[in-house]
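What follows is a single structure, written as structure tokens, with notes after it.
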Amino acid sequence: MRKHFRYIFVVVASILSLSVFAQTTQWRDIYTAKKKDTIYGIAKKYNLTVDDLVAANPAMKADDYKLKKGETVFIPFAKTPADLEAERQKAKQPQRTDVRQRAIRVGVMLPLHDVDGDGRRMVEYYRGMLLACDSLRRAGISTDIRAWNVSIDSDIRQTLLQNGASECDIIFGPLYTKQVKPLADFCRNYDIRMVIPFSISGDEVEHYEQIFQVYQSQSQQNQDAINAFLERFPNHHAVFIDCNDSTSRKGLFTMNLRKQLEAKGRSFNITNLKTSDEAFQKAFSRTKPNVVVLNTGRSPELNQTLAKLDQLRQRDAGVAVALFGYIDWLMYTKVYADYFHKYDTYIPTNFFYNALSRSTQNLEQNYKKWFHQDMQYALPRFAITGYDQAQFFLRGLHQYGTGFKGTKQQRVYNSMQTPLHFKPAAKGGGMLNAQFMLVHYKPNKTIEAINY
């Protein structure tokens with residue numbers, strides 16, 4: 001099979017951003033189903049046959065299909081004699097080939113512009129995908145990547161009318177919650193895999209089997225962190241430090257963690273940053289190793305805590321102390337890395353940017369070579385996120401075809417920054433990202449990523 005990597009892009013406001021495609025309308029209208037609508041009624045409304053309407057909406061062919069209120073229905077043009085003849089000729093052609101035997105057709109539907117932060121971040125994410133496709137080409141995996149600029153005020157249904165959208169094998173997007181359902185309906189109709197790469201607030205993943213939702217809710221992340229804490233520190237004494245931060249949202253995590261410790265009969269104490277050194281010292285055990293948990297992720301309170309721990313160590317060098325932190329702390333590693341190692345720190349997260357990794361450095365150099373600028377200073381790095389996600393899903397499709405679910409058993413790629421593995425969201429639904437890790441800053445100045 002001829003190996004190739006195809007992409008088209010233009011310069012928008014001096015940045016490499018998106019592919020542009022002809023806006024050839026495939027349907028004459030997009031209809032939103034009402035409560036008492038039927039397939040027959042909608043077909044009649046537009047002077048179509050039921051077969052014509054079903055052909056434009058393949059999901060309707062399912063034996064258990066039921067038209068629901070709010071569902072997107074694509075309305076085709078009425079067929080001319082020439083159309084009917086073209087269909088007869090097409091029926092004689094071979095069926096669509098297995099994705100494992102040809103180039104993978106990739107769609108990207110994200111805000112790809114230079115208007116605001118969302119656009120600039122998604123442009124960097126898309127660039128990472130382009131670098132991944134180039135890497136895949138060199139590994140013998142063919143891709144055909146197409147992108148559409150879908151901004152916050154875009155009607156994504158109009159994007160779906162454009163030529164090439166229905167031919168995709170997988171679509172990455174959208175960024176905004178209001179655009180998820182129309183795209184999910186479209187992907188279900190055309191049996192397209194849909195990757196939601198960033199945060200949304202809807203529950204469509206529970207209702208559409210085509211969806212892979214990378215974003216994890218805060219409640220899921222909190223529970224993963226609690227489970228990891230209980231497993232990692234079965235014999236530790238926990239010390240919770242009230243940091244007097246009225247803006248913090250970490251209290252829900254610390255409250256639920258304390259409840260679980262109480263239920264298991266494990267010891268813990270609560271102290272305060274404003275308490276005296278003597279009272280602070282009394283919160284720590286001398287017979288068990290201690291693990292410290294703050295109720296904020298902010299840097300000023302972390303700094304005060306580290307100062308209190310230094311004073312504690314000076315007063316009582318025999319006190320064993322570890323820290324259990326927050327994903328926010330990864331932003332502070334330039335300042336606090338030595339302290340993280342000193343206090344045997346564990347940070348719960350779903351990504352880890354390792355600036356010292358040779359593969360990370362090589363990708364950053366390639367990014368600058370391709371696009372003549374550095375990646376944005378952000379955690380996680382958006383270009384590396386796009387690179388990892390493209391590698392994961394496209395390698396999965398290449399190896400497993402439409403049977404790819406992204407589970408731990410279908411291991412296809414070792415990530416650079418953002419590991420992925422998925423579990424079913426619900427019966428009949430899609431797949432939810434279940435990846436979780438602890439980044440451990442060990443006292444011997446090494447770092448390990450503990451994956452769950």
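Ordering of the structure tokens sets the chain letters (A, B, ...); residue numbers start at 1 within each chain; ligands are numbered from 1 in the order shown.
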
- Assign secondary structure with DSSP using the backbone only, and return the residues of region 199-271 of chain A in strand (DSSP E) as a VMD selection string. chain A and resid 211 to 213 237 to 242 268 to 271

Quick one: everything within 6 Å of region 185-201 of chain A, counting only C-alpha atoms, minus sequence neighbours fewer than 5 positions away in the same chain. Send it as a PyMOL selection string. chain A and resi 57-59+169-173+177+210-215

Only all heavy atoms, please: the residues just picked out, written as a tab-separated table (two decimals), in the first residue's frame.
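Produced file part_22.tsv, reproduced below:
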```tsv
chain	number	residue	atom	x	y	z
A	57	ASN	N	-29.53	9.62	6.81
A	57	ASN	CA	-29.33	9.49	8.26
A	57	ASN	C	-29.17	8.01	8.61
A	57	ASN	O	-30.11	7.35	9.07
A	57	ASN	CB	-30.54	10.08	9.02
A	57	ASN	CG	-30.72	11.56	8.74
A	57	ASN	OD1	-30.18	12.40	9.44
A	57	ASN	ND2	-31.50	11.87	7.71
A	58	PRO	N	-27.98	7.45	8.37
A	58	PRO	CA	-27.78	6.00	8.50
A	58	PRO	C	-28.16	5.40	9.85
A	58	PRO	O	-28.46	4.23	9.93
A	58	PRO	CB	-26.28	5.84	8.23
A	58	PRO	CG	-25.92	7.01	7.39
A	58	PRO	CD	-26.77	8.13	7.88
A	59	ALA	N	-28.14	6.21	10.91
A	59	ALA	CA	-28.51	5.67	12.23
A	59	ALA	C	-29.94	5.16	12.24
A	59	ALA	O	-30.29	4.28	13.04
A	59	ALA	CB	-28.32	6.73	13.31
A	169	ASP	N	-12.95	9.03	9.31
A	169	ASP	CA	-12.99	7.85	10.17
A	169	ASP	C	-13.03	8.25	11.64
A	169	ASP	O	-13.59	7.54	12.47
A	169	ASP	CB	-11.75	6.98	9.94
A	169	ASP	CG	-11.65	6.47	8.52
A	169	ASP	OD1	-12.60	5.80	8.08
A	169	ASP	OD2	-10.64	6.75	7.86
A	170	ILE	N	-12.44	9.41	11.95
A	170	ILE	CA	-12.38	9.89	13.33
A	170	ILE	C	-12.34	11.41	13.30
A	170	ILE	O	-11.72	12.02	12.42
A	170	ILE	CB	-11.14	9.32	14.06
A	170	ILE	CG1	-11.14	9.71	15.53
A	170	ILE	CG2	-9.84	9.72	13.38
A	170	ILE	CD1	-10.10	8.94	16.36
A	171	ILE	N	-13.06	12.03	14.23
A	171	ILE	CA	-13.09	13.50	14.34
A	171	ILE	C	-12.67	13.89	15.76
A	171	ILE	O	-13.21	13.35	16.74
A	171	ILE	CB	-14.48	14.07	14.01
A	171	ILE	CG1	-14.81	13.85	12.53
A	171	ILE	CG2	-14.56	15.55	14.36
A	171	ILE	CD1	-16.20	14.30	12.13
A	172	PHE	N	-11.74	14.83	15.88
A	172	PHE	CA	-11.31	15.36	17.16
A	172	PHE	C	-12.04	16.69	17.38
A	172	PHE	O	-11.84	17.64	16.63
A	172	PHE	CB	-9.80	15.57	17.18
A	172	PHE	CG	-9.01	14.30	17.16
A	172	PHE	CD1	-8.81	13.60	15.96
A	172	PHE	CD2	-8.47	13.78	18.32
A	172	PHE	CE1	-8.07	12.42	15.94
A	172	PHE	CE2	-7.74	12.59	18.31
A	172	PHE	CZ	-7.54	11.92	17.12
A	173	GLY	N	-12.86	16.76	18.42
A	173	GLY	CA	-13.62	17.97	18.72
A	173	GLY	C	-15.00	17.60	19.21
A	173	GLY	O	-15.34	16.40	19.30
A	177	THR	N	-19.28	22.78	24.76
A	177	THR	CA	-20.33	21.81	25.12
A	177	THR	C	-21.53	21.88	24.18
A	177	THR	O	-22.07	20.84	23.79
A	177	THR	CB	-20.78	22.06	26.57
A	177	THR	OG1	-19.66	21.88	27.44
A	177	THR	CG2	-21.88	21.10	26.97
A	210	GLN	N	-20.03	6.10	19.87
A	210	GLN	CA	-18.89	6.54	19.06
A	210	GLN	C	-17.94	7.46	19.83
A	210	GLN	O	-16.83	7.73	19.38
A	210	GLN	CB	-19.39	7.30	17.81
A	210	GLN	CG	-19.96	6.45	16.72
A	210	GLN	CD	-21.37	5.97	17.02
A	210	GLN	OE1	-22.05	6.53	17.88
A	210	GLN	NE2	-21.82	4.94	16.32
A	211	ILE	N	-18.36	7.97	21.01
A	211	ILE	CA	-17.59	9.00	21.69
A	211	ILE	C	-16.47	8.42	22.56
A	211	ILE	O	-16.69	7.47	23.31
A	211	ILE	CB	-18.52	9.88	22.56
A	211	ILE	CG1	-19.43	10.73	21.67
A	211	ILE	CG2	-17.71	10.79	23.49
A	211	ILE	CD1	-20.39	11.62	22.45
A	212	PHE	N	-15.29	9.03	22.47
A	212	PHE	CA	-14.20	8.84	23.42
A	212	PHE	C	-14.03	10.18	24.14
A	212	PHE	O	-13.65	11.17	23.52
A	212	PHE	CB	-12.89	8.50	22.71
A	212	PHE	CG	-12.85	7.13	22.10
A	212	PHE	CD1	-13.39	6.91	20.84
A	212	PHE	CD2	-12.26	6.07	22.77
A	212	PHE	CE1	-13.35	5.65	20.26
A	212	PHE	CE2	-12.21	4.80	22.19
A	212	PHE	CZ	-12.76	4.59	20.94
A	213	GLN	N	-14.32	10.22	25.43
A	213	GLN	CA	-14.20	11.46	26.19
A	213	GLN	C	-12.91	11.44	27.00
A	213	GLN	O	-12.77	10.67	27.95
A	213	GLN	CB	-15.40	11.66	27.11
A	213	GLN	CG	-15.35	12.97	27.89
A	213	GLN	CD	-16.62	13.23	28.65
A	213	GLN	OE1	-17.72	13.26	28.07
A	213	GLN	NE2	-16.51	13.41	29.96
A	214	VAL	N	-11.95	12.29	26.61
A	214	VAL	CA	-10.67	12.36	27.31
A	214	VAL	C	-10.81	13.10	28.63
A	214	VAL	O	-10.20	12.72	29.64
A	214	VAL	CB	-9.61	13.05	26.42
A	214	VAL	CG1	-8.29	13.21	27.18
A	214	VAL	CG2	-9.40	12.25	25.13
A	215	TYR	N	-11.62	14.14	28.65
A	215	TYR	CA	-11.81	14.95	29.85
A	215	TYR	C	-12.37	14.12	31.00
A	215	TYR	O	-13.28	13.31	30.81
A	215	TYR	CB	-12.75	16.11	29.55
A	215	TYR	CG	-13.28	16.81	30.77
A	215	TYR	CD1	-12.45	17.64	31.53
A	215	TYR	CD2	-14.61	16.65	31.18
A	215	TYR	CE1	-12.94	18.28	32.66
A	215	TYR	CE2	-15.09	17.29	32.30
A	215	TYR	CZ	-14.25	18.10	33.03
A	215	TYR	OH	-14.74	18.73	34.17
```

query = Near region 238-244 of chain A, within 7 Å and counting only C-alpha atoms, which residues show up once chain neighbours fewer than 4 positions away are dropped, as a PyMOL selection string?
reply = chain A and resi 267-273+283-284+290-296+301

Selection above as a file: all heavy atoms, as a short mmCIF file (atom, residue, chain, number, x, y, z; two decimals), in the first residue's frame:
```cif
data_model
loop_
_atom_site.label_atom_id
_atom_site.label_comp_id
_atom_site.auth_asym_id
_atom_site.auth_seq_id
_atom_site.Cartn_x
_atom_site.Cartn_y
_atom_site.Cartn_z
N SER A 267 -5.54 6.75 61.43
CA SER A 267 -5.32 7.94 62.25
C SER A 267 -5.02 9.17 61.41
O SER A 267 -4.39 9.08 60.35
CB SER A 267 -4.16 7.70 63.22
OG SER A 267 -2.94 7.53 62.51
N PHE A 268 -5.49 10.33 61.88
CA PHE A 268 -5.14 11.61 61.27
C PHE A 268 -5.37 12.73 62.27
O PHE A 268 -6.14 12.58 63.23
CB PHE A 268 -5.93 11.85 59.98
CG PHE A 268 -7.41 12.07 60.17
CD1 PHE A 268 -7.93 13.33 60.44
CD2 PHE A 268 -8.30 11.01 60.07
CE1 PHE A 268 -9.29 13.53 60.61
CE2 PHE A 268 -9.66 11.19 60.23
CZ PHE A 268 -10.16 12.45 60.50
N ASN A 269 -4.71 13.83 62.05
CA ASN A 269 -4.91 15.05 62.83
C ASN A 269 -5.13 16.22 61.90
O ASN A 269 -4.75 16.18 60.72
CB ASN A 269 -3.69 15.33 63.73
CG ASN A 269 -3.68 14.47 64.97
OD1 ASN A 269 -4.73 14.04 65.46
ND2 ASN A 269 -2.49 14.19 65.49
N ILE A 270 -5.73 17.28 62.44
CA ILE A 270 -5.95 18.52 61.69
C ILE A 270 -5.24 19.65 62.42
O ILE A 270 -5.37 19.80 63.64
CB ILE A 270 -7.46 18.83 61.56
CG1 ILE A 270 -8.20 17.68 60.88
CG2 ILE A 270 -7.66 20.13 60.78
CD1 ILE A 270 -9.70 17.84 60.87
N THR A 271 -4.46 20.43 61.67
CA THR A 271 -3.79 21.58 62.25
C THR A 271 -3.99 22.78 61.33
O THR A 271 -4.73 22.69 60.35
CB THR A 271 -2.29 21.29 62.49
OG1 THR A 271 -1.70 22.37 63.20
CG2 THR A 271 -1.55 21.06 61.18
N ASN A 272 -3.31 23.91 61.64
CA ASN A 272 -3.54 25.15 60.91
C ASN A 272 -2.21 25.86 60.68
O ASN A 272 -1.31 25.79 61.52
CB ASN A 272 -4.49 26.05 61.72
CG ASN A 272 -5.04 27.20 60.89
OD1 ASN A 272 -4.31 28.11 60.52
ND2 ASN A 272 -6.33 27.16 60.60
N LEU A 273 -2.10 26.54 59.55
CA LEU A 273 -0.87 27.26 59.26
C LEU A 273 -0.58 28.36 60.28
O LEU A 273 0.57 28.74 60.49
CB LEU A 273 -0.93 27.88 57.86
CG LEU A 273 -0.52 27.01 56.68
CD1 LEU A 273 -0.57 27.83 55.39
CD2 LEU A 273 0.86 26.42 56.87
N ALA A 283 0.70 17.72 66.02
CA ALA A 283 -0.19 17.05 65.05
C ALA A 283 0.50 15.87 64.38
O ALA A 283 -0.17 15.04 63.76
CB ALA A 283 -0.66 18.05 64.00
N PHE A 284 1.82 15.76 64.51
CA PHE A 284 2.58 14.73 63.82
C PHE A 284 2.89 13.54 64.73
O PHE A 284 3.08 13.69 65.93
CB PHE A 284 3.90 15.32 63.29
CG PHE A 284 3.70 16.28 62.16
CD1 PHE A 284 3.27 17.58 62.41
CD2 PHE A 284 3.92 15.90 60.85
CE1 PHE A 284 3.07 18.48 61.36
CE2 PHE A 284 3.73 16.79 59.80
CZ PHE A 284 3.30 18.09 60.05
N ASN A 290 4.46 10.21 58.55
CA ASN A 290 3.37 11.17 58.37
C ASN A 290 3.23 11.54 56.89
O ASN A 290 4.22 11.62 56.16
CB ASN A 290 3.63 12.44 59.16
CG ASN A 290 3.74 12.19 60.65
OD1 ASN A 290 2.74 12.18 61.37
ND2 ASN A 290 4.97 12.00 61.14
N VAL A 291 2.00 11.78 56.46
CA VAL A 291 1.76 12.30 55.12
C VAL A 291 0.89 13.54 55.27
O VAL A 291 -0.16 13.51 55.91
CB VAL A 291 1.11 11.25 54.19
CG1 VAL A 291 -0.18 10.69 54.78
CG2 VAL A 291 0.86 11.83 52.80
N VAL A 292 1.36 14.65 54.71
CA VAL A 292 0.73 15.96 54.88
C VAL A 292 -0.17 16.28 53.69
O VAL A 292 0.23 16.11 52.54
CB VAL A 292 1.80 17.05 55.05
CG1 VAL A 292 1.16 18.44 55.05
CG2 VAL A 292 2.60 16.82 56.33
N VAL A 293 -1.38 16.78 53.98
CA VAL A 293 -2.33 17.16 52.94
C VAL A 293 -2.82 18.58 53.23
O VAL A 293 -3.32 18.85 54.32
CB VAL A 293 -3.54 16.20 52.89
CG1 VAL A 293 -4.47 16.58 51.75
CG2 VAL A 293 -3.08 14.76 52.76
N LEU A 294 -2.68 19.48 52.26
CA LEU A 294 -3.18 20.85 52.40
C LEU A 294 -4.60 20.93 51.83
O LEU A 294 -5.00 20.08 51.02
CB LEU A 294 -2.27 21.82 51.65
CG LEU A 294 -0.95 22.23 52.29
CD1 LEU A 294 -0.03 21.04 52.49
CD2 LEU A 294 -0.25 23.30 51.44
N ASN A 295 -5.34 21.97 52.23
CA ASN A 295 -6.67 22.15 51.63
C ASN A 295 -6.67 23.30 50.62
O ASN A 295 -7.68 23.95 50.39
CB ASN A 295 -7.73 22.37 52.71
CG ASN A 295 -7.51 23.65 53.51
OD1 ASN A 295 -6.48 24.31 53.38
ND2 ASN A 295 -8.47 23.99 54.36
N THR A 296 -5.52 23.52 49.99
CA THR A 296 -5.41 24.48 48.90
C THR A 296 -4.27 24.03 47.99
O THR A 296 -3.34 23.34 48.43
CB THR A 296 -5.14 25.91 49.40
OG1 THR A 296 -5.07 26.80 48.28
CG2 THR A 296 -3.81 25.98 50.15
N GLU A 301 0.52 29.44 50.12
CA GLU A 301 0.26 28.55 51.26
C GLU A 301 1.21 27.35 51.26
O GLU A 301 1.61 26.87 52.32
CB GLU A 301 -1.19 28.08 51.23
CG GLU A 301 -2.21 29.15 51.60
CD GLU A 301 -2.50 30.12 50.47
OE1 GLU A 301 -2.01 29.90 49.34
OE2 GLU A 301 -3.20 31.12 50.72
#
```

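Summary of the local environment: counting only C-alpha atoms, residues at most 7 Å from Pro174 (chain A), other than itself and those fewer than 6 positions away along its chain, are Met109, Leu110, Val180 and Ile196 of chain A.
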
Expected file contents, prior selection, N, CA, C and O atoms, as a PDB file, in the first residue's frame:
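Ended up saving to again26.pdb:
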```
ATOM      1  N   MET A 109     -12.222  19.445  14.379  1.00  0.00           N
ATOM      2  CA  MET A 109     -13.240  20.502  14.448  1.00  0.00           C
ATOM      3  C   MET A 109     -13.087  21.231  15.772  1.00  0.00           C
ATOM      4  O   MET A 109     -13.718  20.907  16.779  1.00  0.00           O
ATOM      5  N   LEU A 110     -12.227  22.241  15.757  1.00  0.00           N
ATOM      6  CA  LEU A 110     -11.866  23.005  16.953  1.00  0.00           C
ATOM      7  C   LEU A 110     -11.711  24.468  16.567  1.00  0.00           C
ATOM      8  O   LEU A 110     -11.581  24.795  15.381  1.00  0.00           O
ATOM      9  N   VAL A 180     -21.427  19.631  21.118  1.00  0.00           N
ATOM     10  CA  VAL A 180     -21.168  18.196  21.246  1.00  0.00           C
ATOM     11  C   VAL A 180     -22.300  17.365  20.650  1.00  0.00           C
ATOM     12  O   VAL A 180     -22.067  16.443  19.863  1.00  0.00           O
ATOM     13  N   ILE A 196     -13.527  13.715  22.196  1.00  0.00           N
ATOM     14  CA  ILE A 196     -13.696  15.001  22.873  1.00  0.00           C
ATOM     15  C   ILE A 196     -12.433  15.224  23.700  1.00  0.00           C
ATOM     16  O   ILE A 196     -12.259  14.617  24.754  1.00  0.00           O
TER      17      ILE A 196
END
```

Item to complete: Select from region 148-264 of chain A everything DSSP, run on the backbone, classes as alpha helix (DSSP H), then give the selection as JSON, numbers by chain.
Response: {"A": [156, 157, 158, 159, 160, 180, 181, 182, 183, 184, 185, 186, 187, 188, 189, 218, 219, 220, 221, 222, 223, 224, 225, 226, 227, 228, 229, 230, 231, 232, 251, 252, 253, 254, 255, 256, 257, 258, 259, 260, 261, 262, 263]}

Contacts of Arg121 (chain A) at 10 Å or less, counting only C-alpha atoms, minus same-chain residues fewer than 4 places along, as a PyMOL selection string? chain A and resi 111-114+116-117+125-127+375-376+378+381-383

- Which residue of A:Leu394, A:Ala279, A:Leu53, A:Leu175 approaches Gly140 (chain A) most closely, using only C-alpha atoms: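 Of the candidates, the smallest distance to Gly140 (chain A) is held by A:Leu394.
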
If you count only C-alpha atoms, the residue of A:His372, A:Arg28, A:Arg105, A:Ala355 closest to Phe77 (chain A) turns out to be A:Arg28

Worksheet entry | Non-local contacts of region 33-42 of chain A (9 Å; only C-alpha atoms; under 5 positions in same chain excluded) as a list in words |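 Neighbouring residues, sequence-local ones excluded: Asn47, Leu48, Thr49, Val50, Leu53, Val54, Met60, Lys66, Leu67, Lys68, Lys69, Gly70, Glu71, Thr72, Val73 and Ile75 of chain A.
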
Pairwise distance, CA of Arg315 (chain A) with CA of Asp277 (chain A), equals 9.3 Å

Legend entry - Counting only C-alpha atoms, the option among A:Ile145, A:Val319, A:Ile347, A:Ala449 closest to Asp224 (chain A):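 So, comparing all the options, the nearest one is A:Ile347.
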
task: Please provide as a PyMOL selection string all residues within 12 Å of region 361-364 of chain A, with the sequence filter that same-chain residues fewer than 5 positions apart are discarded (counting only C-alpha atoms).
output: chain A and resi 124+127-132+134-135+353-356+369-377+381-388+416-417

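Interatomic distance, CA of Arg232 (chain A) against CA of Ser285 (chain A): 17.8 Å.
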
A straight line from CA of Glu206 (chain A) to CA of Ser219 (chain A) spans 16.4 Å

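When only C-alpha atoms are used to compute distances to Ile152 (chain A), the closest of the residues A:Asp118, A:Asp29, A:Glu262, A:Glu204 turns out to be A:Asp118.
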
Of the residues A:Cys168, A:Thr80, A:Val412, A:Thr143, which is the one nearest to Tyr400 (chain A), using only C-alpha atoms?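 Of all the options, A:Val412 lies closest to Tyr400 (chain A).
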
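Using only C-alpha atoms, the nearest neighbour of Leu432 (chain A) within the list A:His207, A:Lys368, A:Lys79, A:Arg258 is A:His207.
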